[in-house]
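Engineer: Please find data.pdb (PDB, C-alpha atoms) on the next line:
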```pdb
ATOM      1  CA  MET A 152      33.110   0.493 260.041
ATOM      2  CA  ASP A 153      31.569   2.093 256.999
ATOM      3  CA  ALA A 154      31.665   5.910 257.126
ATOM      4  CA  HIS A 155      28.312   6.157 255.367
ATOM      5  CA  ALA A 156      26.511   3.755 257.669
ATOM      6  CA  SER A 157      25.574   6.482 260.181
ATOM      7  CA  VAL A 158      24.070   8.816 257.557
ATOM      8  CA  PRO A 159      20.271   8.653 257.880
ATOM      9  CA  GLY A 160      18.308   7.965 254.724
ATOM     10  CA  PRO A 161      15.409   9.988 253.366
ATOM     11  CA  PRO A 162      12.145   9.865 255.291
ATOM     12  CA  PRO A 163       9.448   7.569 253.969
ATOM     13  CA  PHE A 164       7.110   9.125 251.420
ATOM     14  CA  ASP A 165       3.726  10.039 252.910
ATOM     15  CA  TRP A 166       0.965   9.865 250.320
ATOM     16  CA  GLU A 167      -1.619  11.286 252.719
ATOM     17  CA  THR A 168       0.038  14.624 253.587
ATOM     18  CA  THR A 169       1.853  15.393 250.322
ATOM     19  CA  ARG A 170       0.127  18.102 248.219
ATOM     20  CA  PHE A 171       0.280  17.694 244.456
ATOM     21  CA  PRO A 172      -0.319  20.462 241.889
ATOM     22  CA  PRO A 173      -3.698  20.393 240.145
ATOM     23  CA  PRO A 174      -3.958  18.571 236.835
ATOM     24  CA  ARG A 175      -3.060  20.419 233.648
ATOM     25  CA  ASP A 176      -6.627  20.519 232.388
ATOM     26  CA  ARG A 177      -7.656  22.124 235.680
ATOM     27  CA  LEU A 178      -4.998  24.816 235.265
ATOM     28  CA  ILE A 179      -6.107  25.530 231.713
ATOM     29  CA  ARG A 180      -9.748  25.772 232.758
ATOM     30  CA  LEU A 181      -8.876  28.173 235.569
ATOM     31  CA  SER A 182      -6.730  30.363 233.322
ATOM     32  CA  HIS A 183      -9.535  30.743 230.776
ATOM     33  CA  THR A 184     -12.236  31.700 233.268
ATOM     34  CA  PRO A 185     -13.356  35.226 232.311
ATOM     35  CA  ALA A 186     -13.428  38.059 234.791
ATOM     36  CA  GLN A 187     -16.684  39.773 235.681
ATOM     37  CA  TRP A 188     -17.367  43.495 235.329
ATOM     38  CA  ASP A 189     -18.488  45.244 238.506
ATOM     39  CA  SER A 190     -20.586  48.267 237.539
ATOM     40  CA  SER A 191     -20.493  49.641 241.095
ATOM     41  CA  THR A 192     -16.694  49.840 241.264
ATOM     42  CA  HIS A 193     -16.121  50.106 237.489
ATOM     43  CA  ALA A 194     -13.534  47.343 237.569
ATOM     44  CA  PHE A 195     -13.205  43.679 236.650
ATOM     45  CA  ARG A 196     -13.573  41.072 239.398
ATOM     46  CA  PRO A 197     -11.294  38.051 239.000
ATOM     47  CA  PRO A 198     -12.891  34.600 239.297
ATOM     48  CA  LEU A 199     -12.783  32.590 242.485
ATOM     49  CA  ARG A 200     -10.048  30.061 243.161
ATOM     50  CA  ASP A 201     -12.272  27.135 242.222
ATOM     51  CA  GLY A 202     -12.975  28.668 238.809
ATOM     52  CA  THR A 203     -16.543  29.781 239.452
ATOM     53  CA  PRO A 204     -17.446  33.365 238.485
ATOM     54  CA  ALA A 205     -17.482  35.908 241.266
ATOM     55  CA  PRO A 206     -20.951  36.907 242.494
ATOM     56  CA  GLY A 207     -22.358  40.101 241.062
ATOM     57  CA  PRO A 208     -23.973  41.457 237.930
ATOM     58  CA  PRO A 209     -23.316  39.559 234.690
ATOM     59  CA  MET A 210     -20.959  40.652 231.982
ATOM     60  CA  SER A 211     -23.887  42.039 230.003
ATOM     61  CA  ASP A 212     -23.773  45.166 232.208
ATOM     62  CA  PHE A 213     -20.456  46.072 230.636
ATOM     63  CA  ALA A 214     -21.889  45.677 227.142
ATOM     64  CA  ALA A 215     -24.907  47.779 228.110
ATOM     65  CA  ARG A 216     -22.797  50.849 228.873
ATOM     66  CA  PRO A 217     -23.577  53.802 226.618
ATOM     67  CA  ALA A 218     -21.484  54.010 223.466
ATOM     68  CA  ARG A 219     -18.942  56.774 223.092
ATOM     69  CA  ARG A 220     -20.308  59.804 221.322
ATOM     70  CA  PRO A 221     -18.774  60.288 217.869
ATOM     71  CA  PRO A 222     -16.656  63.402 217.333
ATOM     72  CA  ARG A 223     -18.244  66.530 215.962
ATOM     73  CA  PRO A 224     -18.039  67.020 212.207
ATOM     74  CA  PRO A 225     -15.321  69.479 211.192
ATOM     75  CA  THR A 226     -15.885  72.745 209.408
ATOM     76  CA  ALA A 227     -14.127  73.889 206.242
ATOM     77  CA  ARG A 228     -11.872  76.144 208.285
ATOM     78  CA  GLN A 229     -10.953  73.312 210.626
ATOM     79  CA  LEU A 230     -10.096  71.054 207.690
ATOM     80  CA  ARG A 231      -7.727  73.683 206.335
ATOM     81  CA  GLU A 232      -6.115  74.034 209.757
ATOM     82  CA  ILE A 233      -5.748  70.244 210.025
ATOM     83  CA  ALA A 234      -4.050  70.139 206.631
ATOM     84  CA  ARG A 235      -1.719  72.999 207.550
ATOM     85  CA  ARG A 236      -0.611  71.380 210.795
ATOM     86  CA  TYR A 237      -0.130  68.022 209.115
ATOM     87  CA  VAL A 238       2.064  69.522 206.403
ATOM     88  CA  GLU A 239       4.100  71.456 208.968
ATOM     89  CA  ARG A 240       4.730  68.407 211.135
ATOM     90  CA  TYR A 241       5.394  65.837 208.417
ATOM     91  CA  ILE A 242       6.596  65.894 204.812
ATOM     92  CA  PRO A 243       3.544  64.348 203.157
ATOM     93  CA  SER A 244       2.463  63.853 199.604
ATOM     94  CA  VAL A 245      -0.799  65.080 198.150
ATOM     95  CA  ALA A 246      -2.425  61.668 198.545
ATOM     96  CA  GLN A 247      -1.338  61.393 202.177
ATOM     97  CA  THR A 248      -2.802  64.794 203.007
ATOM     98  CA  GLU A 249      -6.030  63.909 201.252
ATOM     99  CA  ALA A 250      -6.272  60.637 203.189
ATOM    100  CA  VAL A 251      -5.825  62.470 206.498
ATOM    101  CA  LEU A 252      -8.595  64.941 205.685
ATOM    102  CA  TRP A 253     -11.000  62.214 204.628
ATOM    103  CA  ARG A 254     -10.193  60.238 207.775
ATOM    104  CA  LYS A 255     -11.114  63.217 209.933
ATOM    105  CA  VAL A 256     -14.417  63.593 208.112
ATOM    106  CA  ARG A 257     -15.381  59.915 208.085
ATOM    107  CA  ARG A 258     -14.523  59.530 211.751
ATOM    108  CA  ALA A 259     -17.496  61.792 212.514
ATOM    109  CA  THR A 260     -20.562  61.648 210.268
ATOM    110  CA  GLY A 261     -19.031  61.786 206.798
ATOM    111  CA  LEU A 262     -20.293  65.341 206.264
ATOM    112  CA  LEU A 263     -19.231  68.801 207.284
ATOM    113  CA  ARG A 264     -20.802  70.549 210.231
ATOM    114  CA  ASP A 265     -23.218  72.468 208.023
ATOM    115  CA  GLY A 266     -24.334  69.216 206.363
ATOM    116  CA  SER A 267     -22.563  69.806 203.052
ATOM    117  CA  GLU A 268     -20.382  67.351 201.171
ATOM    118  CA  PRO A 269     -16.675  67.487 202.109
ATOM    119  CA  ALA A 270     -15.312  66.549 198.668
ATOM    120  CA  PRO A 271     -15.375  70.089 197.166
ATOM    121  CA  VAL A 272     -13.779  71.552 200.289
ATOM    122  CA  ILE A 273     -11.002  68.948 200.378
ATOM    123  CA  ASP A 274     -10.320  69.388 196.663
ATOM    124  CA  ALA A 275     -10.134  73.162 197.108
ATOM    125  CA  ILE A 276      -7.669  72.819 199.992
ATOM    126  CA  LEU A 277      -5.413  70.460 198.033
ATOM    127  CA  THR A 278      -5.579  72.631 194.915
ATOM    128  CA  ASP A 279      -4.627  75.711 196.906
ATOM    129  CA  PHE A 280      -1.737  73.939 198.630
ATOM    130  CA  CYS A 281      -0.434  72.596 195.312
ATOM    131  CA  ALA A 282      -0.709  76.005 193.639
ATOM    132  CA  ARG A 283       1.287  77.592 196.470
ATOM    133  CA  LYS A 284       3.865  74.752 196.304
ATOM    134  CA  ILE A 285       3.106  73.708 199.853
ATOM    135  CA  LEU A 286       2.429  70.248 198.446
ATOM    136  CA  ASP A 287       4.587  69.191 195.517
ATOM    137  CA  ASP A 288       4.961  65.488 194.780
ATOM    138  CA  ASP A 289       7.602  66.045 192.116
ATOM    139  CA  ARG A 290       9.885  68.070 194.373
ATOM    140  CA  LEU A 291       9.252  65.679 197.263
ATOM    141  CA  ALA A 292      10.137  62.631 195.160
ATOM    142  CA  HIS A 293      13.398  64.153 193.911
ATOM    143  CA  ALA A 294      14.408  65.198 197.433
ATOM    144  CA  LEU A 295      13.644  61.782 198.904
ATOM    145  CA  VAL A 296      15.468  59.987 196.101
ATOM    146  CA  ARG A 297      18.613  62.016 196.770
ATOM    147  CA  GLU A 298      18.321  61.333 200.495
ATOM    148  CA  TYR A 299      17.836  57.597 199.986
ATOM    149  CA  HIS A 300      20.776  57.557 197.572
ATOM    150  CA  ARG A 301      23.027  59.156 200.186
ATOM    151  CA  ARG A 302      21.955  56.473 202.648
ATOM    152  CA  GLY A 303      22.887  53.739 200.195
ATOM    153  CA  ASP A 304      19.403  52.298 199.693
ATOM    154  CA  PRO A 305      19.027  50.120 196.578
ATOM    155  CA  LEU A 306      16.527  50.978 193.876
ATOM    156  CA  PRO A 307      13.796  48.503 194.984
ATOM    157  CA  LYS A 308      13.912  49.845 198.524
ATOM    158  CA  MET A 309      13.817  53.434 197.307
ATOM    159  CA  ARG A 310      10.833  52.674 195.114
ATOM    160  CA  GLY A 311       9.020  50.942 197.970
ATOM    161  CA  LYS A 312       9.520  53.891 200.300
ATOM    162  CA  LEU A 313       8.170  56.303 197.709
ATOM    163  CA  VAL A 314       5.169  54.070 197.035
ATOM    164  CA  ARG A 315       4.381  54.022 200.755
ATOM    165  CA  LYS A 316       4.416  57.815 200.629
ATOM    166  CA  ARG A 317       1.607  57.488 198.035
ATOM    167  CA  ILE A 318       3.556  59.292 195.351
ATOM    168  CA  PRO A 319       2.344  58.489 191.800
ATOM    169  CA  PHE A 320       4.331  55.872 189.914
ATOM    170  CA  ASP A 321       5.189  58.129 186.981
ATOM    171  CA  ILE A 322       6.732  60.698 189.318
ATOM    172  CA  ILE A 323       8.709  57.950 191.082
ATOM    173  CA  ASP A 324      10.100  56.613 187.809
ATOM    174  CA  GLN A 325      11.003  60.102 186.641
ATOM    175  CA  ALA A 326      12.822  60.922 189.896
ATOM    176  CA  LEU A 327      14.838  57.693 189.838
ATOM    177  CA  ARG A 328      15.696  58.139 186.168
ATOM    178  CA  THR A 329      16.781  61.741 186.696
ATOM    179  CA  LEU A 330      19.099  60.784 189.546
ATOM    180  CA  ASP A 331      20.787  57.979 187.614
ATOM    181  CA  GLU A 332      21.224  60.144 184.523
ATOM    182  CA  ALA A 333      22.767  62.969 186.546
ATOM    183  CA  LEU A 334      25.234  60.610 188.230
ATOM    184  CA  LYS A 335      26.197  58.908 184.987
ATOM    185  CA  ALA A 336      26.747  62.301 183.365
ATOM    186  CA  ASP A 337      29.313  63.024 186.092
ATOM    187  CA  GLY A 338      31.060  59.711 185.423
ATOM    188  CA  VAL A 339      29.792  58.016 188.597
ATOM    189  CA  ASP A 340      28.314  54.528 188.780
ATOM    190  CA  PRO A 341      25.062  54.924 190.787
ATOM    191  CA  ARG A 342      24.939  51.327 191.995
ATOM    192  CA  ARG A 343      28.559  51.338 193.137
ATOM    193  CA  GLN A 344      28.133  54.654 194.927
ATOM    194  CA  ARG A 345      25.036  53.383 196.746
ATOM    195  CA  ALA A 346      26.860  50.191 197.733
ATOM    196  CA  LEU A 347      29.791  52.163 199.143
ATOM    197  CA  ALA A 348      27.451  54.476 201.039
ATOM    198  CA  TYR A 349      25.622  51.497 202.533
ATOM    199  CA  ALA A 350      28.869  49.805 203.579
ATOM    200  CA  ARG A 351      30.128  53.044 205.121
ATOM    201  CA  ARG A 352      26.899  53.570 207.038
ATOM    202  CA  ARG A 353      26.804  49.989 208.339
ATOM    203  CA  ARG A 354      30.537  49.927 209.146
ATOM    204  CA  LEU A 355      31.293  47.090 206.753
ATOM    205  CA  GLY A 356      34.610  46.118 205.211
ATOM    206  CA  PRO A 357      37.329  48.770 205.599
ATOM    207  CA  TRP A 358      34.977  50.968 207.656
ATOM    208  CA  ARG A 359      34.892  48.663 210.659
ATOM    209  CA  ARG A 360      35.587  50.418 213.926
ATOM    210  CA  ASP A 361      38.054  47.864 215.356
ATOM    211  CA  PRO A 362      41.039  47.277 213.025
ATOM    212  CA  ALA A 363      42.315  44.343 215.119
ATOM    213  CA  ARG A 364      38.985  42.592 214.888
ATOM    214  CA  ARG A 365      38.858  43.275 211.166
ATOM    215  CA  SER A 366      42.318  41.742 210.643
ATOM    216  CA  ALA A 367      41.350  38.696 212.717
ATOM    217  CA  ARG A 368      38.298  38.125 210.571
ATOM    218  CA  ARG A 369      40.357  38.563 207.413
ATOM    219  CA  GLU A 370      42.692  35.760 208.552
ATOM    220  CA  LYS A 371      39.735  33.415 209.000
TER     221      LYS A 371
END
```
Transcribe the structure of this file into structure tokens.

Structural biologist:
Amino acid sequence: MDAHASVPGPPPFDWETTRFPPPRDRLIRLSHTPAQWDSSTHAFRPPLRDGTPAPGPPMSDFAARPARRPPRPPTARQLREIARRYVERYIPSVAQTEAVLWRKVRRATGLLRDGSEPAPVIDAILTDFCARKILDDDRLAHALVREYHRRGDPLPKMRGKLVRKRIPFDIIDQALRTLDEALKADGVDPRRQRALAYARRRRLGPWRRDPARRSARREK
């Protein structure tokens, strides 16, 4: 007697009681049905299961809400305080500080609180900060170039970082040239020193942490 003869087979397929998933176009149409804004509860109402919008006020109620009031225009004293805090928190260039001050002004009405033009006030703040060496693009460029050189960044990457800091191009070129001349005067190859610093920082070559793994890769 066959051992598998007593094993019952699968039940017959019933087309009447089996539930199939909805078609793909139905799923897409349901997923793209927008929700409705309920102004009484200040929340969105999801659509019904059949895809029809939920009963209630239309979406135009959400668009009819009052717009947010713009911020108050700053005063000259507030602009100076904004510049001071920005310089203390970051290490910006003159152009970056100027952009921050103009952004604060244009976010409101484009004028100061007394209705005067902000350009003379911003220029006076930047001139004062530059005269007191609070902002100094030349010193900033030389300091950043030395820092990037210690990290092992190549010249194109160093130049790109300084450009993103909005430092003038002539100051960038002068800082890079000064660094290379100082290193060559000491008998050091700048490119080789940057390459070694990069390899040391990324744990490449002889600076790998696992000597056994390094020897295994060398054999390959």

Engineer: Quick one: residues within 12 Å of Asp304 (chain A), only C-alpha atoms, excluding same-chain residues fewer than 3 positions away - as a VMD selection string?

Structural biologist: chain A and resid 295 to 301 307 to 312 341 to 350 352 to 353

Engineer: Can you pull out the residues contacting Thr260 (chain A)? Cut-off 12 Å, using all atoms listed in the file, and skip same-chain residues under 3 positions away; I want them as a ChimeraX atom specification.

Structural biologist: /A:220-225,253-257,263-269

Engineer: Would you mind exporting the chosen residues as a CSV table (one decimal), in the frame of the given file, restricted to C-alpha atoms?

Structural biologist:
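File written: part.csv
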```csv
chain,number,residue,atom,x,y,z
A,220,ARG,CA,-20.3,59.8,221.3
A,221,PRO,CA,-18.8,60.3,217.9
A,222,PRO,CA,-16.7,63.4,217.3
A,223,ARG,CA,-18.2,66.5,216.0
A,224,PRO,CA,-18.0,67.0,212.2
A,225,PRO,CA,-15.3,69.5,211.2
A,253,TRP,CA,-11.0,62.2,204.6
A,254,ARG,CA,-10.2,60.2,207.8
A,255,LYS,CA,-11.1,63.2,209.9
A,256,VAL,CA,-14.4,63.6,208.1
A,257,ARG,CA,-15.4,59.9,208.1
A,263,LEU,CA,-19.2,68.8,207.3
A,264,ARG,CA,-20.8,70.5,210.2
A,265,ASP,CA,-23.2,72.5,208.0
A,266,GLY,CA,-24.3,69.2,206.4
A,267,SER,CA,-22.6,69.8,203.1
A,268,GLU,CA,-20.4,67.4,201.2
A,269,PRO,CA,-16.7,67.5,202.1
```

Engineer: Translate the PyMOL selection byres ((chain A and resi 235-244) around 8), as applied to the file shown, into an explicit residue set as a list in words.

Structural biologist: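 So the PyMOL selection byres ((chain A and resi 235-244) around 8), applied here, picks out Arg231, Glu232, Ile233, Ala234, Val245, Ala246, Gln247, Thr248, Ile285, Leu286, Asp287, Asp288, Leu291, Lys316, Arg317 and Ile318 of chain A.
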
Engineer: Point out the residue among A:Pro271, A:Arg302, A:Asp289, A:Ala282 with the least atom-to-atom distance to Pro319 (chain A), counting all atoms listed in the file.

Structural biologist: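 Checking each candidate against Pro319 (chain A), we get A:Asp289 as the closest.
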
Engineer: Can you tell me how far CA of Leu230 (chain A) sits from CA of Ile273 (chain A), in Å to one decimal?

Structural biologist: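 Between CA of Leu230 (chain A) and CA of Ile273 (chain A) the gap is 7.7 Å.
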
Engineer: Between CA of Arg354 (chain A) and CA of Val314 (chain A), what distance in Å does the model show, to one decimal?

Structural biologist: 28.4 Å

Engineer: Go ahead and compute the interatomic distance for CA of Val251 (chain A) and CA of Arg283 (chain A), in Å to one decimal.

Structural biologist: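 Pair CA of Val251 (chain A) / CA of Arg283 (chain A) returns 19.5 Å.
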
Engineer: Please identify all polymer residues within 8 Å of His293 (chain A), counting all atoms listed in the file, omitting same-chain residues fewer than 5 positions from it, and present them as a VMD selection string.

Structural biologist: chain A and resid 326 to 327 330

Engineer: Using the selection just defined, write its residues with C-alpha atoms as a CSV table (one decimal), in the coordinates of the input.

Structural biologist:
```csv
chain,number,residue,atom,x,y,z
A,326,ALA,CA,12.8,60.9,189.9
A,327,LEU,CA,14.8,57.7,189.8
A,330,LEU,CA,19.1,60.8,189.5
```
